[in-house]
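Here is the file work_37.txt (compact mmCIF, C-alpha atoms).
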# COMPACT_ATOMS: atom_id res chain seq x y z
CA MET A 24 11.79 -17.10 -13.99
CA GLY A 25 11.32 -19.74 -16.70
CA THR A 26 12.71 -23.25 -16.75
CA LYS A 27 16.47 -23.09 -17.38
CA ILE A 28 18.18 -25.53 -19.73
CA LEU A 29 21.93 -25.89 -20.21
CA VAL A 30 22.99 -27.22 -23.63
CA VAL A 31 26.50 -28.71 -23.72
CA ASP A 32 27.62 -29.44 -27.29
CA ASP A 33 30.76 -28.56 -29.25
CA GLU A 34 28.81 -28.10 -32.50
CA SER A 35 27.82 -24.44 -32.60
CA SER A 36 25.10 -25.12 -35.17
CA ILE A 37 23.44 -27.62 -32.81
CA CYS A 38 23.65 -25.19 -29.90
CA GLU A 39 22.14 -22.38 -31.94
CA MET A 40 19.36 -24.59 -33.32
CA LEU A 41 18.43 -25.77 -29.84
CA ARG A 42 18.68 -22.27 -28.38
CA VAL A 43 16.29 -20.79 -30.96
CA TYR A 44 13.80 -23.66 -30.81
CA LEU A 45 13.73 -24.04 -27.04
CA GLU A 46 13.56 -20.31 -26.38
CA ASN A 47 10.48 -20.26 -28.62
CA GLU A 48 9.13 -23.03 -26.37
CA GLY A 49 9.54 -20.69 -23.38
CA TYR A 50 12.78 -22.01 -21.87
CA GLU A 51 15.81 -19.99 -20.78
CA ILE A 52 18.88 -21.37 -22.58
CA LYS A 53 22.58 -21.30 -21.79
CA THR A 54 25.10 -23.07 -24.03
CA ALA A 55 28.57 -24.49 -23.36
CA ALA A 56 31.06 -25.58 -26.04
CA ASP A 57 33.08 -28.17 -24.10
CA GLY A 58 32.81 -30.41 -21.07
CA ALA A 59 34.85 -28.29 -18.69
CA GLU A 60 32.76 -25.25 -19.54
CA GLY A 61 29.64 -27.35 -19.12
CA VAL A 62 30.56 -28.33 -15.55
CA SER A 63 31.46 -24.73 -14.70
CA TYR A 64 28.24 -23.35 -16.19
CA PHE A 65 26.17 -25.99 -14.40
CA LYS A 66 27.50 -24.82 -11.03
CA MET A 67 27.06 -21.11 -11.86
CA TYR A 68 23.83 -21.26 -13.83
CA GLU A 69 22.01 -23.92 -11.76
CA PRO A 70 19.85 -25.15 -14.68
CA ASP A 71 16.68 -27.21 -14.27
CA LEU A 72 17.81 -29.65 -16.98
CA VAL A 73 20.95 -30.41 -19.00
CA LEU A 74 21.13 -31.50 -22.65
CA LEU A 75 24.55 -33.15 -22.79
CA ASP A 76 26.50 -34.35 -25.82
CA ILE A 77 28.87 -37.29 -25.24
CA MET A 78 31.71 -36.48 -27.65
CA LEU A 79 33.07 -33.27 -26.14
CA PRO A 80 36.54 -31.68 -25.90
CA LYS A 81 38.33 -31.27 -22.55
CA LYS A 82 35.85 -33.48 -20.67
CA ASP A 83 33.58 -35.98 -22.38
CA GLY A 84 29.90 -36.33 -21.60
CA TRP A 85 30.47 -39.32 -19.32
CA GLN A 86 32.78 -37.29 -17.06
CA VAL A 87 30.45 -34.27 -17.12
CA CYS A 88 27.53 -36.49 -16.08
CA ARG A 89 29.61 -37.99 -13.25
CA GLU A 90 30.54 -34.54 -11.93
CA ILE A 91 26.96 -33.29 -12.15
CA ARG A 92 25.74 -36.34 -10.22
CA GLU A 93 28.27 -35.67 -7.48
CA VAL A 94 26.48 -32.41 -6.63
CA SER A 95 22.96 -32.62 -8.06
CA SER A 96 20.06 -34.87 -9.08
CA LYS A 97 18.79 -32.41 -11.73
CA PRO A 98 17.71 -34.15 -14.96
CA VAL A 99 20.29 -34.93 -17.66
CA ILE A 100 19.36 -35.93 -21.22
CA MET A 101 22.36 -37.24 -23.14
CA ILE A 102 22.65 -36.51 -26.86
CA THR A 103 25.02 -38.37 -29.17
CA ALA A 104 25.62 -39.42 -32.74
CA LYS A 105 26.17 -42.94 -31.46
CA GLY A 106 23.30 -45.39 -31.33
CA ASP A 107 25.21 -48.15 -29.56
CA VAL A 108 23.32 -49.89 -26.75
CA PHE A 109 26.52 -49.78 -24.63
CA ASP A 110 26.42 -45.97 -24.70
CA LYS A 111 22.81 -45.98 -23.52
CA VAL A 112 23.50 -48.44 -20.71
CA LEU A 113 26.57 -46.52 -19.51
CA GLY A 114 24.75 -43.19 -19.65
CA LEU A 115 21.83 -44.54 -17.66
CA GLU A 116 24.08 -46.17 -15.08
CA LEU A 117 25.87 -42.85 -14.59
CA GLY A 118 22.52 -41.28 -13.76
CA ALA A 119 21.28 -39.86 -17.08
CA ASP A 120 17.50 -39.56 -17.24
CA ASP A 121 17.03 -40.05 -20.99
CA PHE A 122 19.02 -40.58 -24.15
CA VAL A 123 18.48 -39.27 -27.70
CA VAL A 124 20.46 -39.99 -30.85
CA LYS A 125 21.42 -37.47 -33.53
CA PRO A 126 19.82 -36.59 -35.84
CA PHE A 127 16.79 -36.03 -33.61
CA ASP A 128 13.39 -34.52 -34.21
CA LEU A 129 12.98 -31.26 -32.29
CA LYS A 130 9.35 -31.97 -31.41
CA GLU A 131 10.31 -35.37 -30.01
CA LEU A 132 13.17 -33.83 -28.03
CA SER A 133 10.77 -31.21 -26.65
CA ALA A 134 8.34 -33.95 -25.59
CA ARG A 135 11.15 -35.86 -23.87
CA ILE A 136 12.26 -32.70 -22.04
CA LYS A 137 8.73 -32.14 -20.75
CA ALA A 138 8.37 -35.79 -19.70
CA VAL A 139 11.68 -35.80 -17.83
CA LEU A 140 10.85 -32.51 -16.08
CA ARG A 141 7.44 -33.90 -15.04
CA ARG A 142 9.04 -37.02 -13.58
CA TYR A 143 11.65 -34.97 -11.74
CA SER A 144 9.00 -32.62 -10.35
CA ALA A 145 6.86 -35.52 -9.16
CA ARG A 146 9.86 -37.15 -7.50
CA ASP A 147 10.98 -33.86 -5.95
CA ASN A 148 7.52 -33.16 -4.54
CA GLN A 149 7.59 -36.43 -2.63
CA ASP A 150 10.05 -34.72 -0.24
CA ASP A 151 12.07 -37.93 -0.40
CA ASN A 152 10.02 -39.15 2.59
CA GLU A 153 13.14 -37.78 4.26
CA VAL A 154 15.03 -41.09 4.31
CA ILE A 155 13.81 -44.68 3.87
CA LYS A 156 15.02 -46.63 6.88
CA PHE A 157 15.07 -50.29 7.74
CA ASP A 158 17.40 -52.29 9.98
CA ASN A 159 21.00 -51.20 9.22
CA ILE A 160 20.03 -49.39 5.98
CA GLU A 161 19.17 -45.80 5.09
CA ILE A 162 18.38 -44.69 1.53
CA SER A 163 18.03 -41.09 0.36
CA GLN A 164 17.25 -40.55 -3.32
CA GLU A 165 17.35 -36.77 -2.89
CA LYS A 166 20.93 -36.90 -1.59
CA TYR A 167 21.89 -39.94 -3.70
CA GLU A 168 23.11 -41.54 -0.49
CA LEU A 169 23.11 -45.11 0.81
CA LYS A 170 24.13 -45.87 4.39
CA LEU A 171 24.71 -49.43 5.59
CA CYS A 172 25.25 -49.96 9.30
CA GLY A 173 25.62 -46.19 9.62
CA LYS A 174 28.37 -45.84 7.00
CA SER A 175 28.00 -44.23 3.57
CA VAL A 176 28.51 -46.62 0.66
CA ASP A 177 29.47 -45.65 -2.88
CA ILE A 178 26.67 -46.59 -5.27
CA PRO A 179 25.88 -45.65 -8.89
CA PRO A 180 22.73 -43.49 -9.31
CA LYS A 181 20.63 -46.12 -11.08
CA GLU A 182 21.40 -48.77 -8.50
CA LEU A 183 20.34 -46.37 -5.76
CA GLN A 184 17.17 -45.38 -7.62
CA LEU A 185 16.27 -49.04 -8.11
CA LEU A 186 16.88 -49.86 -4.45
CA TYR A 187 14.95 -46.77 -3.33
CA PHE A 188 11.98 -47.70 -5.50
CA LEU A 189 11.86 -51.30 -4.31
CA ALA A 190 12.35 -50.36 -0.64
CA SER A 191 9.68 -47.65 -0.80
CA ASN A 192 7.29 -50.30 -2.18
CA TYR A 193 8.45 -53.11 0.08
CA ASN A 194 6.81 -56.53 -0.21
CA ARG A 195 5.45 -55.66 -3.67
CA VAL A 196 6.70 -57.67 -6.62
CA PHE A 197 7.70 -55.84 -9.82
CA SER A 198 8.54 -57.38 -13.19
CA ARG A 199 11.66 -56.33 -15.10
CA ASP A 200 9.54 -54.30 -17.53
CA GLN A 201 7.77 -52.54 -14.66
CA LEU A 202 11.10 -51.67 -13.05
CA LEU A 203 12.49 -50.35 -16.33
CA ASP A 204 9.41 -48.16 -16.68
CA LYS A 205 9.37 -46.94 -13.06
CA VAL A 206 13.11 -46.49 -12.51
CA TRP A 207 14.52 -45.73 -15.95
CA GLY A 208 11.33 -43.84 -16.73
CA PHE A 209 10.93 -44.19 -20.48
CA ASP A 210 10.88 -46.76 -23.30
CA TYR A 211 14.23 -48.42 -22.65
CA LEU A 212 16.10 -49.38 -25.82
CA GLY A 213 18.50 -51.87 -24.31
CA ASP A 214 18.20 -55.37 -22.87
CA SER A 215 15.80 -55.81 -19.96
CA ARG A 216 18.47 -57.99 -18.34
CA THR A 217 20.13 -54.76 -17.23
CA VAL A 218 17.73 -55.02 -14.24
CA ASP A 219 19.28 -58.40 -13.36
CA VAL A 220 22.76 -56.85 -13.49
CA HIS A 221 21.73 -54.00 -11.18
CA VAL A 222 20.08 -56.38 -8.71
CA LYS A 223 23.19 -58.60 -8.68
CA ARG A 224 25.38 -55.60 -7.87
CA LEU A 225 22.98 -54.46 -5.14
CA ARG A 226 23.02 -57.90 -3.54
CA GLU A 227 26.81 -57.80 -3.41
CA LYS A 228 26.62 -54.51 -1.50
CA LEU A 229 23.78 -55.63 0.79
CA ASP A 230 25.11 -59.10 1.63
CA GLY A 231 25.16 -59.71 5.37
CA VAL A 232 23.83 -56.25 6.33
CA SER A 233 20.60 -57.48 7.97
CA ASP A 234 18.41 -60.56 8.37
CA LYS A 235 15.29 -58.40 8.80
CA TRP A 236 14.89 -57.58 5.10
CA SER A 237 16.21 -58.88 1.78
CA LEU A 238 16.22 -58.28 -1.97
CA LYS A 239 14.26 -61.27 -3.26
CA THR A 240 13.81 -62.86 -6.65
CA VAL A 241 10.26 -64.04 -7.34
CA TRP A 242 10.91 -66.65 -10.02
CA GLY A 243 9.02 -66.11 -13.24
CA VAL A 244 7.83 -62.67 -12.09
CA GLY A 245 10.53 -60.27 -10.96
CA TYR A 246 11.95 -58.75 -7.77
CA LYS A 247 10.86 -57.30 -4.44
CA PHE A 248 12.33 -55.77 -1.30
CA GLU A 249 11.00 -58.19 1.31
CA VAL A 250 10.33 -57.18 4.89
CA PRO A 251 8.77 -60.10 6.82
CA GLN A 252 5.61 -59.09 8.64

The structure in this file should be written as structure tokens.
Amino acid sequence: MGTKILVVDDESSICEMLRVYLENEGYEIKTAADGAEGVSYFKMYEPDLVLLDIMLPKKDGWQVCREIREVSSKPVIMITAKGDVFDKVLGLELGADDFVVKPFDLKELSARIKAVLRRYSARDNQDDNEVIKFDNIEISQEKYELKLCGKSVDIPPKELQLLYFLASNYNRVFSRDQLLDKVWGFDYLGDSRTVDVHVKRLREKLDGVSDKWSLKTVWGVGYKFEVPQ
């Protein structure tokens, strides 16, 4: 079986163009014309990647992405006519893996699909190290689950991915640009201060959980998950 891609877009011409091009690239393609159909097809079809438009009838792309992330960590590339930085930030915080703006070049889109699939495969092959555990904290990127003091805590996908990355590389300092590259995984088009926002939100969740580790700012450099030796 080839790699399966679900295209969710209400423009039939876009769906047909992507179907023809990507099938010639060797992918198996399924298309959905609205958000509700997209969610239903995702559950039935179990694609390896989703190309998801934002402006959709019945359920918009934001809601579709949320519902996909409730059940799966499979890659999502969001496609939109909007080029607003806010859309990119929101899409990434909801757990999208990449973001392209219409009109897009098919060769570039194909390259992004391959890059996202490679990153997902590399992450998947790590077996999640089962679960990263420190005092009073458990982090599973595979399950998109954070437990503090044994209780599950609601957390957006990008916050969890950032925490997972820092905790799995504890005591190493990473700059904002390095974190954008490692966690967001591509040339980010927004403000690098989004890392600061994510760290601030994580600190609010982690406050008072343990005195045996901490999320530290290294002034002038970046951030680290510190575990005293």

Quick one: residues within 12 Å of Val73 of chain A, only C-alpha atoms, excluding same-chain residues fewer than 3 positions away - as a ChimeraX atom specification? /A:26-32,51-55,61-62,64-66,68-70,76,84,87-88,91-92,95-102,119-122,136,139-140

Residues just named, written with C-alpha atoms as a short mmCIF file (atom, residue, chain, number, x, y, z; two decimals), in the coordinates of the input:
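See selection_7.cif below for the written result:
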data_model
loop_
_atom_site.label_atom_id
_atom_site.label_comp_id
_atom_site.auth_asym_id
_atom_site.auth_seq_id
_atom_site.Cartn_x
_atom_site.Cartn_y
_atom_site.Cartn_z
CA THR A 26 12.71 -23.25 -16.75
CA LYS A 27 16.47 -23.09 -17.38
CA ILE A 28 18.18 -25.53 -19.73
CA LEU A 29 21.93 -25.89 -20.21
CA VAL A 30 22.99 -27.22 -23.63
CA VAL A 31 26.50 -28.71 -23.72
CA ASP A 32 27.62 -29.44 -27.29
CA GLU A 51 15.81 -19.99 -20.78
CA ILE A 52 18.88 -21.37 -22.58
CA LYS A 53 22.58 -21.30 -21.79
CA THR A 54 25.10 -23.07 -24.03
CA ALA A 55 28.57 -24.49 -23.36
CA GLY A 61 29.64 -27.35 -19.12
CA VAL A 62 30.56 -28.33 -15.55
CA TYR A 64 28.24 -23.35 -16.19
CA PHE A 65 26.17 -25.99 -14.40
CA LYS A 66 27.50 -24.82 -11.03
CA TYR A 68 23.83 -21.26 -13.83
CA GLU A 69 22.01 -23.92 -11.76
CA PRO A 70 19.85 -25.15 -14.68
CA ASP A 76 26.50 -34.35 -25.82
CA GLY A 84 29.90 -36.33 -21.60
CA VAL A 87 30.45 -34.27 -17.12
CA CYS A 88 27.53 -36.49 -16.08
CA ILE A 91 26.96 -33.29 -12.15
CA ARG A 92 25.74 -36.34 -10.22
CA SER A 95 22.96 -32.62 -8.06
CA SER A 96 20.06 -34.87 -9.08
CA LYS A 97 18.79 -32.41 -11.73
CA PRO A 98 17.71 -34.15 -14.96
CA VAL A 99 20.29 -34.93 -17.66
CA ILE A 100 19.36 -35.93 -21.22
CA MET A 101 22.36 -37.24 -23.14
CA ILE A 102 22.65 -36.51 -26.86
CA ALA A 119 21.28 -39.86 -17.08
CA ASP A 120 17.50 -39.56 -17.24
CA ASP A 121 17.03 -40.05 -20.99
CA PHE A 122 19.02 -40.58 -24.15
CA ILE A 136 12.26 -32.70 -22.04
CA VAL A 139 11.68 -35.80 -17.83
CA LEU A 140 10.85 -32.51 -16.08
#

Which value, in Å to one decimal, gives the distance between atom CA of Arg42 of chain A and atom CA of Pro180 of chain A?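 These two atoms are separated by 28.8 Å.
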
Spatial neighbours of Ile160 of chain A, 10 Å, all atoms listed in the file, chain gap at least 6 places, as a ChimeraX atom specification: /A:154,169-175,229,232-233,236

Atoms kept (C-alpha atoms) for selection, written as a PDB file, keeping the file's coordinate frame:
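The resulting part.pdb:
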ATOM      1  CA  VAL A 154      15.030 -41.090   4.310  1.00  0.00           C
ATOM      2  CA  LEU A 169      23.110 -45.110   0.810  1.00  0.00           C
ATOM      3  CA  LYS A 170      24.130 -45.870   4.390  1.00  0.00           C
ATOM      4  CA  LEU A 171      24.710 -49.430   5.590  1.00  0.00           C
ATOM      5  CA  CYS A 172      25.250 -49.960   9.300  1.00  0.00           C
ATOM      6  CA  GLY A 173      25.620 -46.190   9.620  1.00  0.00           C
ATOM      7  CA  LYS A 174      28.370 -45.840   7.000  1.00  0.00           C
ATOM      8  CA  SER A 175      28.000 -44.230   3.570  1.00  0.00           C
ATOM      9  CA  LEU A 229      23.780 -55.630   0.790  1.00  0.00           C
ATOM     10  CA  VAL A 232      23.830 -56.250   6.330  1.00  0.00           C
ATOM     11  CA  SER A 233      20.600 -57.480   7.970  1.00  0.00           C
ATOM     12  CA  TRP A 236      14.890 -57.580   5.100  1.00  0.00           C
TER      13      TRP A 236
END

What does the distance from atom CA of Lys130 of chain A to atom CA of Cys38 of chain A come to in Å, to one decimal?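 Atom CA of Cys38 of chain A lies 15.9 Å from atom CA of Lys130 of chain A.
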
Which residue gives the smallest distance to Lys205 of chain A among A:Arg142, A:Tyr167, A:Asp57, A:Gly245, with only C-alpha atoms counted?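 Smallest distance to Lys205 of chain A is found for A:Arg142.
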
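Taking all atoms listed in the file into account, the residues near (11.6, -45.1, -2.5), no farther than 10 Å, are Arg146, Gln149, Asp151, Asn152, Val154, Ile155, Ile162, Ser163, Gln164, Leu183, Gln184, Leu185, Leu186, Tyr187, Phe188, Leu189, Ala190, Ser191, Asn192 and Tyr193 of chain A.
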
Using all atoms listed in the file, which residues sit within 12 Å of Pro251 of chain A once same-chain residues fewer than 3 positions away are excluded, as a tab-separated table (two decimals) with C-alpha atoms, in the frame of the given file?
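Contents of around.tsv, as written:
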chain	number	residue	atom	x	y	z
A	157	PHE	CA	15.07	-50.29	7.74
A	193	TYR	CA	8.45	-53.11	0.08
A	194	ASN	CA	6.81	-56.53	-0.21
A	195	ARG	CA	5.45	-55.66	-3.67
A	234	ASP	CA	18.41	-60.56	8.37
A	235	LYS	CA	15.29	-58.40	8.80
A	236	TRP	CA	14.89	-57.58	5.10
A	237	SER	CA	16.21	-58.88	1.78
A	238	LEU	CA	16.22	-58.28	-1.97
A	239	LYS	CA	14.26	-61.27	-3.26
A	247	LYS	CA	10.86	-57.30	-4.44
A	248	PHE	CA	12.33	-55.77	-1.30

What gap, in Å, lies between atom CA of Asp128 of chain A and atom CA of Arg216 of chain A?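 Atom CA of Asp128 of chain A sits 28.8 Å away from atom CA of Arg216 of chain A.
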
Counting all atoms listed in the file, the option among A:Leu202, A:Ile77, A:Ala138, A:Val250 closest to Val222 of chain A: A:Leu202
